[in-house]
>>> print(open('final-v4.txt').read())   # compact mmCIF, C-alpha atoms
# COMPACT_ATOMS: atom_id res chain seq x y z
CA MET A 1 0.00 0.00 0.00
CA TYR A 2 2.55 2.61 1.16
CA VAL A 3 5.85 3.22 2.97
CA ASP A 4 6.29 5.80 5.72
CA VAL A 5 9.83 6.82 6.65
CA LEU A 6 11.01 7.70 10.15
CA LEU A 7 14.50 9.17 10.50
CA GLY A 8 16.70 11.40 12.63
CA LEU A 9 17.11 15.09 11.76
CA GLN A 10 20.28 15.82 13.71
CA TRP A 11 23.49 13.83 14.34
CA GLY A 12 21.73 10.72 15.63
CA ASP A 13 20.49 9.77 19.11
CA GLU A 14 17.22 11.66 18.58
CA GLY A 15 15.04 8.97 20.18
CA LYS A 16 13.97 7.06 17.07
CA GLY A 17 13.63 3.67 18.78
CA LYS A 18 11.01 4.81 21.27
CA VAL A 19 8.94 6.52 18.59
CA VAL A 20 9.12 3.55 16.21
CA ASP A 21 8.06 1.26 19.03
CA TYR A 22 5.10 3.53 19.83
CA ILE A 23 3.77 4.00 16.30
CA ALA A 24 4.64 0.48 15.07
CA ASP A 25 1.13 -0.83 15.69
CA GLN A 26 -0.07 1.37 12.80
CA TYR A 27 2.02 -0.76 10.41
CA ASP A 28 2.31 -4.35 9.26
CA VAL A 29 6.08 -4.26 8.66
CA VAL A 30 9.04 -2.35 10.17
CA CYS A 31 12.30 -2.26 8.19
CA ARG A 32 15.86 -1.09 8.75
CA PHE A 33 17.22 0.31 5.47
CA GLN A 34 20.82 1.36 6.21
CA GLY A 35 23.59 1.46 8.79
CA GLY A 36 24.72 -1.31 11.09
CA PRO A 37 25.56 -2.00 14.73
CA ASN A 38 26.94 1.54 15.10
CA ALA A 39 23.30 2.52 15.72
CA GLY A 40 21.70 2.08 19.12
CA HIS A 41 17.93 2.44 19.38
CA THR A 42 16.89 2.48 23.04
CA ILE A 43 13.42 1.32 24.05
CA ILE A 44 12.16 1.36 27.65
CA ILE A 45 9.14 -0.82 28.43
CA GLY A 46 8.17 -0.79 32.08
CA ASP A 47 11.32 -1.37 34.12
CA LYS A 48 13.20 -2.98 31.22
CA LYS A 49 15.60 -1.22 28.88
CA PHE A 50 16.48 -2.63 25.46
CA VAL A 51 19.10 -1.36 23.03
CA LEU A 52 18.70 -2.58 19.45
CA HIS A 53 21.64 -2.21 17.06
CA THR A 54 20.47 -4.02 13.93
CA ILE A 55 17.05 -5.50 14.65
CA PRO A 56 14.12 -3.22 13.69
CA SER A 57 12.34 -1.61 16.62
CA GLY A 58 9.01 -3.23 15.72
CA VAL A 59 10.20 -6.55 17.15
CA PHE A 60 8.42 -5.90 20.46
CA ARG A 61 5.00 -5.93 18.75
CA SER A 62 3.94 -9.56 18.35
CA ASN A 63 1.98 -9.08 15.12
CA ILE A 64 4.60 -7.13 13.16
CA ILE A 65 7.02 -8.38 10.50
CA ASN A 66 10.57 -7.03 10.88
CA VAL A 67 12.95 -6.79 7.92
CA VAL A 68 16.69 -6.07 7.86
CA GLY A 69 17.11 -4.53 4.40
CA ASN A 70 19.88 -4.87 1.84
CA GLY A 71 21.26 -1.43 2.73
CA VAL A 72 22.21 -2.64 6.22
CA VAL A 73 25.62 -4.06 7.12
CA LEU A 74 25.28 -6.91 9.60
CA ASP A 75 27.72 -8.26 12.18
CA PRO A 76 26.63 -11.85 13.02
CA ILE A 77 28.25 -11.63 16.49
CA THR A 78 26.33 -8.50 17.49
CA PHE A 79 23.17 -9.86 15.90
CA LYS A 80 23.39 -13.05 17.95
CA LYS A 81 23.80 -11.03 21.18
CA GLU A 82 20.75 -8.93 20.33
CA LEU A 83 18.64 -12.02 19.73
CA ALA A 84 19.88 -13.56 22.99
CA ASN A 85 18.63 -10.46 24.83
CA LEU A 86 15.20 -10.93 23.27
CA ASP A 87 15.27 -14.58 24.34
CA THR A 88 15.70 -13.56 27.99
CA VAL A 89 12.28 -11.89 27.94
CA ASN A 90 10.65 -14.51 25.69
CA ILE A 91 10.18 -12.26 22.65
CA GLU A 92 9.24 -14.56 19.76
CA TYR A 93 11.03 -13.34 16.64
CA LYS A 94 11.91 -16.30 14.40
CA SER A 95 8.61 -16.25 12.54
CA ARG A 96 8.65 -12.45 12.15
CA LEU A 97 12.29 -11.53 11.46
CA TYR A 98 13.54 -11.52 7.88
CA ILE A 99 17.07 -10.75 6.63
CA SER A 100 17.87 -9.57 3.12
CA GLN A 101 20.22 -11.90 1.24
CA LYS A 102 21.85 -8.77 -0.19
CA ALA A 103 22.77 -7.25 3.20
CA HIS A 104 26.56 -7.14 3.55
CA LEU A 105 28.41 -8.94 6.34
CA ILE A 106 30.85 -7.30 8.74
CA LEU A 107 33.88 -9.57 9.17
CA PRO A 108 36.15 -9.54 12.24
CA SER A 109 38.92 -8.21 9.98
CA HIS A 110 36.66 -5.27 9.06
CA ARG A 111 36.60 -4.32 12.75
CA LEU A 112 40.36 -4.73 12.97
CA LEU A 113 40.81 -2.47 9.94
CA ASP A 114 38.46 0.09 11.46
CA ALA A 115 40.40 0.17 14.73
CA ALA A 116 43.80 0.37 13.00
CA SER A 117 42.67 3.11 10.61
CA GLU A 118 41.14 5.23 13.39
CA ALA A 119 44.22 4.80 15.60
CA SER A 120 46.45 6.05 12.79
CA LYS A 121 44.57 9.36 12.47
CA GLY A 122 45.58 10.82 15.81
CA ALA A 123 43.95 14.21 16.35
CA THR A 124 42.01 13.94 13.09
CA LYS A 125 39.92 10.96 14.24
CA ILE A 126 36.34 11.04 12.95
CA GLY A 127 34.92 9.35 16.06
CA SER A 128 34.25 5.94 14.53
CA THR A 129 32.33 3.47 16.70
CA LEU A 130 34.96 0.87 15.63
CA LYS A 131 32.22 -1.57 14.57
CA GLY A 132 33.73 -2.15 11.12
CA ILE A 133 31.02 -0.16 9.34
CA GLY A 134 33.25 1.98 7.12
CA PRO A 135 35.50 -0.86 5.87
CA THR A 136 32.42 -3.00 5.13
CA TYR A 137 30.81 -0.30 3.01
CA MET A 138 34.19 0.21 1.29
CA ASP A 139 34.21 -3.46 0.31
CA LYS A 140 30.60 -3.14 -0.84
CA THR A 141 31.37 -0.28 -3.21
CA GLY A 142 34.69 -1.91 -4.14
CA ARG A 143 32.75 -5.04 -5.16
CA ASN A 144 34.67 -7.27 -2.76
CA GLY A 145 32.07 -7.75 -0.03
CA LEU A 146 30.39 -10.82 1.38
CA ARG A 147 26.61 -10.84 1.69
CA VAL A 148 24.18 -12.80 3.82
CA GLY A 149 23.22 -14.94 0.84
CA ASP A 150 26.85 -16.02 0.45
CA ILE A 151 26.78 -18.02 3.69
CA PHE A 152 24.57 -20.60 1.96
CA LEU A 153 26.93 -21.08 -1.02
CA HIS A 154 29.44 -23.95 -1.38
CA ASP A 155 32.39 -21.59 -1.93
CA PHE A 156 31.63 -19.28 1.01
CA GLU A 157 34.72 -20.15 3.05
CA ALA A 158 36.99 -19.58 0.06
CA LYS A 159 35.40 -16.17 -0.46
CA TYR A 160 35.85 -15.43 3.24
CA ARG A 161 39.55 -16.33 3.20
CA ALA A 162 40.19 -14.20 0.10
CA LEU A 163 38.60 -11.13 1.69
CA LYS A 164 40.37 -11.70 5.00
CA GLU A 165 43.75 -11.93 3.23
CA LYS A 166 43.04 -8.67 1.45
CA HIS A 167 42.34 -7.05 4.84
CA LEU A 168 45.50 -8.46 6.41
CA GLY A 169 47.50 -6.91 3.56
CA LEU A 170 45.90 -3.52 4.17
CA ILE A 171 46.46 -3.71 7.93
CA LYS A 172 50.22 -3.72 7.33
CA LEU A 173 49.86 -0.04 6.33
CA TYR A 174 48.72 0.91 9.84
CA PRO A 175 50.25 0.81 13.32
CA GLN A 176 49.47 -2.33 15.32
CA VAL A 177 46.42 -2.33 17.57
CA GLU A 178 45.34 -4.87 20.16
CA PHE A 179 42.75 -7.20 18.59
CA ASP A 180 42.18 -10.94 19.07
CA LEU A 181 41.43 -11.80 15.45
CA ALA A 182 41.46 -15.59 15.96
CA GLY A 183 39.10 -15.37 18.93
CA GLU A 184 36.71 -13.02 17.14
CA GLU A 185 36.82 -15.24 14.05
CA ALA A 186 35.76 -18.27 16.10
CA LYS A 187 32.79 -16.36 17.52
CA TRP A 188 31.91 -15.08 14.06
CA PHE A 189 31.70 -18.51 12.45
CA GLU A 190 29.71 -19.83 15.41
CA SER A 191 27.25 -16.94 14.99
CA LEU A 192 26.67 -17.86 11.36
CA GLU A 193 24.77 -20.97 12.45
CA LEU A 194 22.09 -18.82 14.05
CA LEU A 195 22.02 -16.51 11.03
CA ARG A 196 21.47 -19.51 8.73
CA SER A 197 18.47 -20.58 10.83
CA LEU A 198 16.64 -17.28 10.27
CA ASN A 199 14.45 -16.25 7.34
CA SER A 200 16.75 -15.16 4.50
CA ILE A 201 14.85 -13.40 1.71
CA SER A 202 15.07 -11.41 -1.51
CA SER A 203 13.82 -8.34 0.34
CA GLU A 204 13.01 -6.36 -2.80
CA TYR A 205 10.55 -9.04 -3.99
CA PHE A 206 9.31 -9.69 -0.45
CA LEU A 207 8.50 -6.03 0.32
CA ASN A 208 7.01 -5.15 -3.06
CA ASP A 209 4.79 -8.22 -2.81
CA LEU A 210 3.58 -7.04 0.60
CA LEU A 211 2.89 -3.57 -0.81
CA SER A 212 0.86 -5.10 -3.64
CA LYS A 213 -1.21 -6.87 -0.97
CA GLY A 214 -2.05 -3.58 0.76
CA LYS A 215 0.44 -3.84 3.64
CA ARG A 216 1.74 -0.75 5.43
CA ILE A 217 5.51 -0.46 5.87
CA LEU A 218 7.56 1.73 8.21
CA ALA A 219 11.19 2.33 7.20
CA GLU A 220 13.31 3.01 10.29
CA GLY A 221 16.46 5.09 9.79
CA ALA A 222 19.65 4.76 11.81
CA GLN A 223 22.03 7.55 12.85
CA GLY A 224 20.91 11.05 11.74
CA SER A 225 20.58 13.07 8.57
CA MET A 226 23.66 15.17 9.37
CA LEU A 227 25.74 11.98 9.21
CA ASP A 228 24.71 11.22 5.61
CA ILE A 229 27.73 10.27 3.46
CA ASP A 230 26.77 12.85 0.79
CA TYR A 231 24.98 15.61 2.66
CA GLY A 232 26.35 15.41 6.21
CA THR A 233 29.31 17.19 7.78
CA TYR A 234 31.83 15.32 5.63
CA PRO A 235 34.25 13.70 6.46
CA TYR A 236 32.75 13.40 9.96
CA VAL A 237 29.91 11.25 8.70
CA THR A 238 28.83 7.62 8.49
CA SER A 239 29.25 5.44 5.39
CA SER A 240 25.64 5.21 4.22
CA ASN A 241 22.81 7.45 3.05
CA THR A 242 20.87 8.27 6.21
CA ILE A 243 18.38 10.58 4.48
CA ALA A 244 15.03 9.53 3.01
CA ALA A 245 16.57 8.90 -0.43
CA GLY A 246 18.39 5.93 1.13
CA VAL A 247 15.10 4.10 1.72
CA CYS A 248 14.59 3.16 -1.94
CA ASN A 249 18.15 1.85 -2.34
CA GLY A 250 18.20 0.20 1.08
CA LEU A 251 14.95 -1.73 0.68
CA GLY A 252 14.41 -2.03 -3.07
CA ILE A 253 11.16 -0.06 -3.19
CA PRO A 254 10.13 2.65 -5.70
CA PRO A 255 9.96 6.35 -4.64
CA SER A 256 6.29 6.45 -5.63
CA LYS A 257 5.46 4.23 -2.65
CA VAL A 258 6.78 6.70 -0.03
CA ARG A 259 3.97 8.59 1.72
CA GLU A 260 4.97 10.33 4.97
CA VAL A 261 8.48 11.32 6.04
CA ILE A 262 8.53 11.66 9.83
CA GLY A 263 11.59 13.50 11.14
CA ILE A 264 12.74 13.25 14.76
CA ALA A 265 14.68 15.96 16.58
CA LYS A 266 15.55 16.59 20.19
CA ALA A 267 14.31 19.81 21.82
CA TYR A 268 18.02 20.66 21.97
CA CYS A 269 20.89 19.03 20.04
CA THR A 270 23.65 16.47 20.62
CA ARG A 271 26.54 14.91 18.75
CA VAL A 272 28.92 12.01 19.49
CA GLY A 273 32.52 11.99 18.25
CA GLY A 274 34.39 14.56 16.19
CA GLY A 275 33.14 17.04 13.64
CA PRO A 276 31.47 20.46 13.54
CA PHE A 277 28.58 21.31 15.84
CA PRO A 278 27.65 25.02 15.49
CA THR A 279 25.41 25.32 18.58
CA GLU A 280 27.61 23.24 20.91
CA LEU A 281 27.80 24.50 24.49
CA GLU A 282 31.24 23.82 25.92
CA ASN A 283 30.26 25.24 29.29
CA GLU A 284 28.19 24.57 32.40
CA THR A 285 24.93 24.73 30.41
CA GLY A 286 26.17 22.00 28.08
CA GLU A 287 27.17 19.89 31.09
CA THR A 288 23.71 20.40 32.60
CA LEU A 289 22.02 19.23 29.39
CA ARG A 290 24.27 16.15 29.36
CA ARG A 291 23.55 15.33 33.01
CA ILE A 292 19.77 15.81 32.91
CA GLY A 293 19.39 14.21 29.49
CA MET A 294 21.72 11.31 30.43
CA GLU A 295 23.53 11.95 27.17
CA PHE A 296 25.83 8.99 26.75
CA GLY A 297 25.96 6.90 23.57
CA ALA A 298 23.71 3.81 23.52
CA THR A 299 26.33 1.96 21.46
CA THR A 300 29.66 3.31 22.73
CA GLY A 301 28.81 4.85 26.11
CA ARG A 302 30.73 7.97 25.08
CA PRO A 303 29.51 11.31 26.51
CA ARG A 304 27.57 13.26 23.91
CA ARG A 305 28.37 16.86 23.09
CA CYS A 306 25.35 19.06 23.84
CA GLY A 307 23.99 22.36 22.58
CA TRP A 308 20.88 24.33 21.70
CA ILE A 309 18.57 23.42 18.83
CA ASP A 310 19.78 24.68 15.44
CA ILE A 311 17.10 25.94 13.01
CA PRO A 312 19.29 26.39 9.87
CA GLN A 313 20.55 22.82 10.31
CA LEU A 314 17.02 21.47 10.74
CA LYS A 315 15.65 23.41 7.77
CA TYR A 316 18.48 21.98 5.67
CA VAL A 317 17.61 18.36 6.48
CA ASN A 318 13.87 19.06 6.21
CA MET A 319 14.54 20.17 2.64
CA LEU A 320 16.68 17.11 1.83
CA ASN A 321 14.23 14.64 3.32
CA GLY A 322 10.94 16.22 2.30
CA VAL A 323 9.82 15.99 5.93
CA THR A 324 6.03 16.03 6.30
CA GLN A 325 5.85 15.98 10.11
CA ILE A 326 8.25 16.34 13.03
CA VAL A 327 8.55 14.59 16.38
CA ILE A 328 10.24 16.57 19.17
CA THR A 329 11.82 14.40 21.86
CA LYS A 330 13.24 15.08 25.32
CA LEU A 331 11.29 18.28 25.88
CA ASP A 332 11.35 17.39 29.59
CA VAL A 333 15.15 17.80 29.71
CA LEU A 334 14.56 21.57 29.44
CA ASN A 335 12.18 21.66 32.44
CA ASP A 336 14.55 23.42 34.84
CA PHE A 337 16.03 26.08 32.55
CA ASP A 338 15.16 29.73 33.21
CA GLU A 339 15.89 30.55 29.59
CA ILE A 340 16.20 28.42 26.46
CA GLU A 341 18.01 29.58 23.34
CA VAL A 342 17.32 28.70 19.73
CA GLY A 343 19.93 29.09 16.99
CA THR A 344 17.94 30.93 14.31
CA SER A 345 20.56 31.95 11.72
CA TYR A 346 24.29 31.86 10.90
CA LYS A 347 26.82 34.54 10.15
CA TYR A 348 29.82 33.67 7.99
CA ASP A 349 31.74 35.39 5.21
CA GLY A 350 30.36 38.67 6.52
CA LYS A 351 26.72 37.76 5.83
CA GLU A 352 23.75 36.53 7.82
CA THR A 353 22.19 33.42 6.26
CA HIS A 354 20.03 30.37 6.89
CA GLU A 355 22.18 28.18 4.64
CA LEU A 356 24.88 25.77 5.77
CA PRO A 357 28.29 26.45 4.23
CA PHE A 358 29.96 23.91 1.93
CA ASP A 359 32.39 22.90 4.66
CA LEU A 360 31.33 23.42 8.26
CA CYS A 361 34.63 21.83 9.28
CA THR A 362 36.67 24.84 8.13
CA THR A 363 34.13 27.68 7.89
CA ALA A 364 33.83 29.76 11.04
CA VAL A 365 30.11 30.06 11.79
CA ASP A 366 28.70 32.58 14.26
CA VAL A 367 25.27 31.36 15.37
CA GLN A 368 22.61 34.01 16.01
CA TYR A 369 20.36 33.04 18.94
CA THR A 370 16.86 33.99 20.04
CA PRO A 371 16.06 33.47 23.75
CA TYR A 372 12.78 32.00 25.05
CA GLN A 373 11.46 31.81 28.58
CA GLY A 374 11.62 28.41 30.27
CA TRP A 375 8.62 26.82 31.97
CA LYS A 376 10.28 25.64 35.22
CA SER A 377 7.83 22.81 35.82
CA ASP A 378 7.48 19.05 35.48
CA LEU A 379 5.89 17.71 32.27
CA SER A 380 5.45 14.09 33.38
CA GLU A 381 1.70 14.44 33.97
CA CYS A 382 1.03 16.33 30.72
CA LYS A 383 -0.99 14.07 28.41
CA THR A 384 -2.26 16.65 25.91
CA PHE A 385 -0.76 19.67 24.18
CA GLU A 386 -3.20 21.91 26.01
CA SER A 387 -1.97 20.62 29.37
CA LEU A 388 1.61 21.76 28.73
CA PRO A 389 2.78 24.91 30.55
CA LYS A 390 2.23 27.93 28.29
CA ASN A 391 5.95 28.58 27.80
CA ALA A 392 6.47 24.95 26.78
CA SER A 393 3.63 24.99 24.24
CA ASP A 394 4.83 28.39 22.98
CA TYR A 395 8.32 26.90 22.45
CA ILE A 396 6.86 24.07 20.37
CA LEU A 397 4.69 26.48 18.34
CA GLU A 398 7.71 28.68 17.68
CA LEU A 399 9.77 25.71 16.46
CA GLU A 400 6.84 24.74 14.24
CA ARG A 401 6.70 28.27 12.81
CA LEU A 402 10.45 28.48 12.19
CA LEU A 403 10.59 25.04 10.56
CA GLU A 404 7.36 25.48 8.60
CA THR A 405 6.45 21.88 9.38
CA LYS A 406 3.84 20.42 11.71
CA ILE A 407 5.11 19.01 15.02
CA SER A 408 2.85 15.99 15.45
CA ILE A 409 4.34 14.20 18.48
CA ILE A 410 6.11 15.50 21.59
CA SER A 411 8.03 13.23 23.97
CA THR A 412 7.98 14.26 27.63
CA GLY A 413 9.93 11.34 29.15
CA PRO A 414 11.61 8.00 28.41
CA GLU A 415 8.58 5.71 28.86
CA ARG A 416 6.56 4.41 25.91
CA SER A 417 3.49 6.21 27.34
CA GLN A 418 5.16 9.61 27.74
CA LEU A 419 4.17 11.00 24.36
CA ILE A 420 1.77 13.79 23.46
CA ILE A 421 0.02 13.21 20.12
CA ARG A 422 -1.28 16.32 18.35
>>> encode(input="final-v4.txt", output="structure tokens")
Amino acid sequence: MYVDVLLGLQWGDEGKGKVVDYIADQYDVVCRFQGGPNAGHTIIIGDKKFVLHTIPSGVFRSNIINVVGNGVVLDPITFKKELANLDTVNIEYKSRLYISQKAHLILPSHRLLDAASEASKGATKIGSTLKGIGPTYMDKTGRNGLRVGDIFLHDFEAKYRALKEKHLGLIKLYPQVEFDLAGEEAKWFESLELLRSLNSISSEYFLNDLLSKGKRILAEGAQGSMLDIDYGTYPYVTSSNTIAAGVCNGLGIPPSKVREVIGIAKAYCTRVGGGPFPTELENETGETLRRIGMEFGATTGRPRRCGWIDIPQLKYVNMLNGVTQIVITKLDVLNDFDEIEVGTSYKYDGKETHELPFDLCTTAVDVQYTPYQGWKSDLSECKTFESLPKNASDYILELERLLETKISIISTGPERSQLIIR
């Protein structure tokens, strides 16, 4: 029938997992279309916390099909650990989880290459999660990669050895790093047995067949739009297309099937790792945002850099994605601030503008801010937009005006139930 897209509008960590989990019951299928185990989608149900790295966030709904698309890169070791976590709470997934045969595999030697390459960069590190994502996508575009479908072929081990030898040759170019390749290899091959027991599909045929039968599909993005390989803050980006255009490539569906594009942004802004961040607060306010928001990476545990919301940046990704509605998360983190600032324009090259420069890494940007009064009250009991404190609802309405896009959902806490639907 149609495909709706849900993706992050900042540098990742916007709260996509919770929102996918909440709206998933409106769909028949939830799909991941890009990225790999560098993503961490956190879902809190009752007193239990789950972090999904590769598995789509619809897995907690018993009637929903979950598809790992061909645009994803999959580490069998991480995947096995994720499934084991679901087993501990008796989540049945084998009948509902489908893996694209064309999804590329992350080898242990990909992770070794990632670690060695990042270590060699010194102060110019991009902040890689060291999950082997970049080297795997390099092999994909270099036409050397191994795919899920390969594990069923008679010559799979020969293909594996050839790719591993290529990696070992490349590693000689880098300084040595500590990595137990033999141990990781043993775990990797053991994990393949579980992967072989799951539903392996031609996802492009599978999904288009479901669409022809009137099924509703939600495409779940990983990372954030500002980490897109083409349109993000290059080279401090990921290795895949994180914007809405990546859905068609990553799932094998036509653009004509995309209906809504739901963008998610925090009420402020965060970033993990290196790279430009115009509204970053390297002061006590930034530390307060980090502490209250518990801003530490779901995948790496690294402290996130924090700052105010950035309107030029959000308008840029709204344009790229064709966003039709916005979800604002973590509004409650701003509860105790007397004043909240919003970055409304940039100044660079002697001019005020709403456009991002070609290279934020080298262009000095002076952000122009507009202050707004805080609401200084708890939002946990607010169930409707009208029940929000006036300053909080005014803040949302002002963001909506500046972004020229409807804000349809507001998150006021970590629980599945702490969402205001407009």
>>> closest_atom_pairs(input="final-v4.txt", of="region 359-394 of chain A", to="region 297-318 of chain A", cutoff="12 Å", atoms="all atoms listed in the file", output="JSON lines")
{"residue": "A:Leu360", "atom": "CA", "partner": "A:Gln313", "partner_atom": "CA", "distance": 11.0}
{"residue": "A:Val365", "atom": "CA", "partner": "A:Pro312", "partner_atom": "CA", "distance": 11.6}
{"residue": "A:Asp366", "atom": "CA", "partner": "A:Asp310", "partner_atom": "CA", "distance": 12.0}
{"residue": "A:Val367", "atom": "CA", "partner": "A:Asp310", "partner_atom": "CA", "distance": 8.6}
{"residue": "A:Gln368", "atom": "CA", "partner": "A:Asp310", "partner_atom": "CA", "distance": 9.8}
{"residue": "A:Tyr369", "atom": "CA", "partner": "A:Asp310", "partner_atom": "CA", "distance": 9.1}
{"residue": "A:Thr370", "atom": "CA", "partner": "A:Trp308", "partner_atom": "CA", "distance": 10.6}
{"residue": "A:Pro371", "atom": "CA", "partner": "A:Trp308", "partner_atom": "CA", "distance": 10.5}
{"residue": "A:Tyr372", "atom": "CA", "partner": "A:Trp308", "partner_atom": "CA", "distance": 11.6}
>>> atom_distance(input="final-v4.txt", atom1="CA of Ile340 (chain A)", atom2="CA of Ser393 (chain A)")
13.2 Å
>>> atom_distance(input="final-v4.txt", atom1="CA of Arg96 (chain A)", atom2="CA of Ile65 (chain A)")
4.7 Å
>>> closest_residue(input="final-v4.txt", among="A:Leu402, A:Cys31, A:Leu146, A:Val342", to="Leu251 (chain A)", atoms="only C-alpha atoms")
A:Cys31
>>> closest_residue(input="final-v4.txt", among="A:Ala265, A:Ile420, A:Ile292, A:Val177", to="Glu381 (chain A)", atoms="only C-alpha atoms")
A:Ile420
>>> closest_residue(input="final-v4.txt", among="A:Gly343, A:Pro414, A:Gly263, A:Gly273", to="Val327 (chain A)", atoms="all atoms listed in the file")
A:Gly263
>>> closest_atom_pairs(input="final-v4.txt", of="region 49-149 of chain A", to="region 234-250 of chain A", cutoff="7 Å", atoms="only C-alpha atoms", output="JSON lines")
{"residue": "A:Gly69", "atom": "CA", "partner": "A:Gly250", "partner_atom": "CA", "distance": 5.9}
{"residue": "A:Asn70", "atom": "CA", "partner": "A:Gly250", "partner_atom": "CA", "distance": 5.4}
{"residue": "A:Gly71", "atom": "CA", "partner": "A:Gly250", "partner_atom": "CA", "distance": 3.8}
{"residue": "A:Ile126", "atom": "CA", "partner": "A:Tyr236", "partner_atom": "CA", "distance": 5.2}
{"residue": "A:Gly134", "atom": "CA", "partner": "A:Ser239", "partner_atom": "CA", "distance": 5.6}
{"residue": "A:Tyr137", "atom": "CA", "partner": "A:Ser239", "partner_atom": "CA", "distance": 6.4}
>>> atom_distance(input="final-v4.txt", atom1="CA of Trp11 (chain A)", atom2="CA of Thr270 (chain A)")
6.8 Å
>>> decode(input="final-v4.txt", residues="region 33-74 of chain A", atoms="C-alpha atoms", output="PDB file, in the first residue's frame")
ATOM      1  CA  PHE A  33      17.217   0.310   5.473  1.00  0.00           C
ATOM      2  CA  GLN A  34      20.823   1.364   6.207  1.00  0.00           C
ATOM      3  CA  GLY A  35      23.593   1.458   8.789  1.00  0.00           C
ATOM      4  CA  GLY A  36      24.718  -1.305  11.093  1.00  0.00           C
ATOM      5  CA  PRO A  37      25.555  -2.001  14.729  1.00  0.00           C
ATOM      6  CA  ASN A  38      26.935   1.537  15.105  1.00  0.00           C
ATOM      7  CA  ALA A  39      23.304   2.521  15.716  1.00  0.00           C
ATOM      8  CA  GLY A  40      21.701   2.082  19.124  1.00  0.00           C
ATOM      9  CA  HIS A  41      17.930   2.437  19.383  1.00  0.00           C
ATOM     10  CA  THR A  42      16.890   2.480  23.039  1.00  0.00           C
ATOM     11  CA  ILE A  43      13.421   1.322  24.054  1.00  0.00           C
ATOM     12  CA  ILE A  44      12.156   1.362  27.655  1.00  0.00           C
ATOM     13  CA  ILE A  45       9.137  -0.823  28.427  1.00  0.00           C
ATOM     14  CA  GLY A  46       8.166  -0.792  32.083  1.00  0.00           C
ATOM     15  CA  ASP A  47      11.322  -1.374  34.119  1.00  0.00           C
ATOM     16  CA  LYS A  48      13.204  -2.981  31.220  1.00  0.00           C
ATOM     17  CA  LYS A  49      15.603  -1.215  28.881  1.00  0.00           C
ATOM     18  CA  PHE A  50      16.478  -2.630  25.463  1.00  0.00           C
ATOM     19  CA  VAL A  51      19.104  -1.359  23.030  1.00  0.00           C
ATOM     20  CA  LEU A  52      18.704  -2.578  19.451  1.00  0.00           C
ATOM     21  CA  HIS A  53      21.640  -2.214  17.064  1.00  0.00           C
ATOM     22  CA  THR A  54      20.473  -4.022  13.931  1.00  0.00           C
ATOM     23  CA  ILE A  55      17.052  -5.505  14.655  1.00  0.00           C
ATOM     24  CA  PRO A  56      14.124  -3.220  13.686  1.00  0.00           C
ATOM     25  CA  SER A  57      12.342  -1.613  16.621  1.00  0.00           C
ATOM     26  CA  GLY A  58       9.014  -3.231  15.721  1.00  0.00           C
ATOM     27  CA  VAL A  59      10.201  -6.545  17.155  1.00  0.00           C
ATOM     28  CA  PHE A  60       8.420  -5.900  20.464  1.00  0.00           C
ATOM     29  CA  ARG A  61       5.003  -5.928  18.745  1.00  0.00           C
ATOM     30  CA  SER A  62       3.943  -9.560  18.353  1.00  0.00           C
ATOM     31  CA  ASN A  63       1.979  -9.083  15.124  1.00  0.00           C
ATOM     32  CA  ILE A  64       4.601  -7.126  13.163  1.00  0.00           C
ATOM     33  CA  ILE A  65       7.019  -8.382  10.504  1.00  0.00           C
ATOM     34  CA  ASN A  66      10.572  -7.025  10.880  1.00  0.00           C
ATOM     35  CA  VAL A  67      12.947  -6.789   7.918  1.00  0.00           C
ATOM     36  CA  VAL A  68      16.691  -6.067   7.857  1.00  0.00           C
ATOM     37  CA  GLY A  69      17.112  -4.530   4.401  1.00  0.00           C
ATOM     38  CA  ASN A  70      19.880  -4.870   1.842  1.00  0.00           C
ATOM     39  CA  GLY A  71      21.263  -1.426   2.734  1.00  0.00           C
ATOM     40  CA  VAL A  72      22.210  -2.637   6.221  1.00  0.00           C
ATOM     41  CA  VAL A  73      25.623  -4.062   7.124  1.00  0.00           C
ATOM     42  CA  LEU A  74      25.283  -6.910   9.602  1.00  0.00           C
TER      43      LEU A  74
END
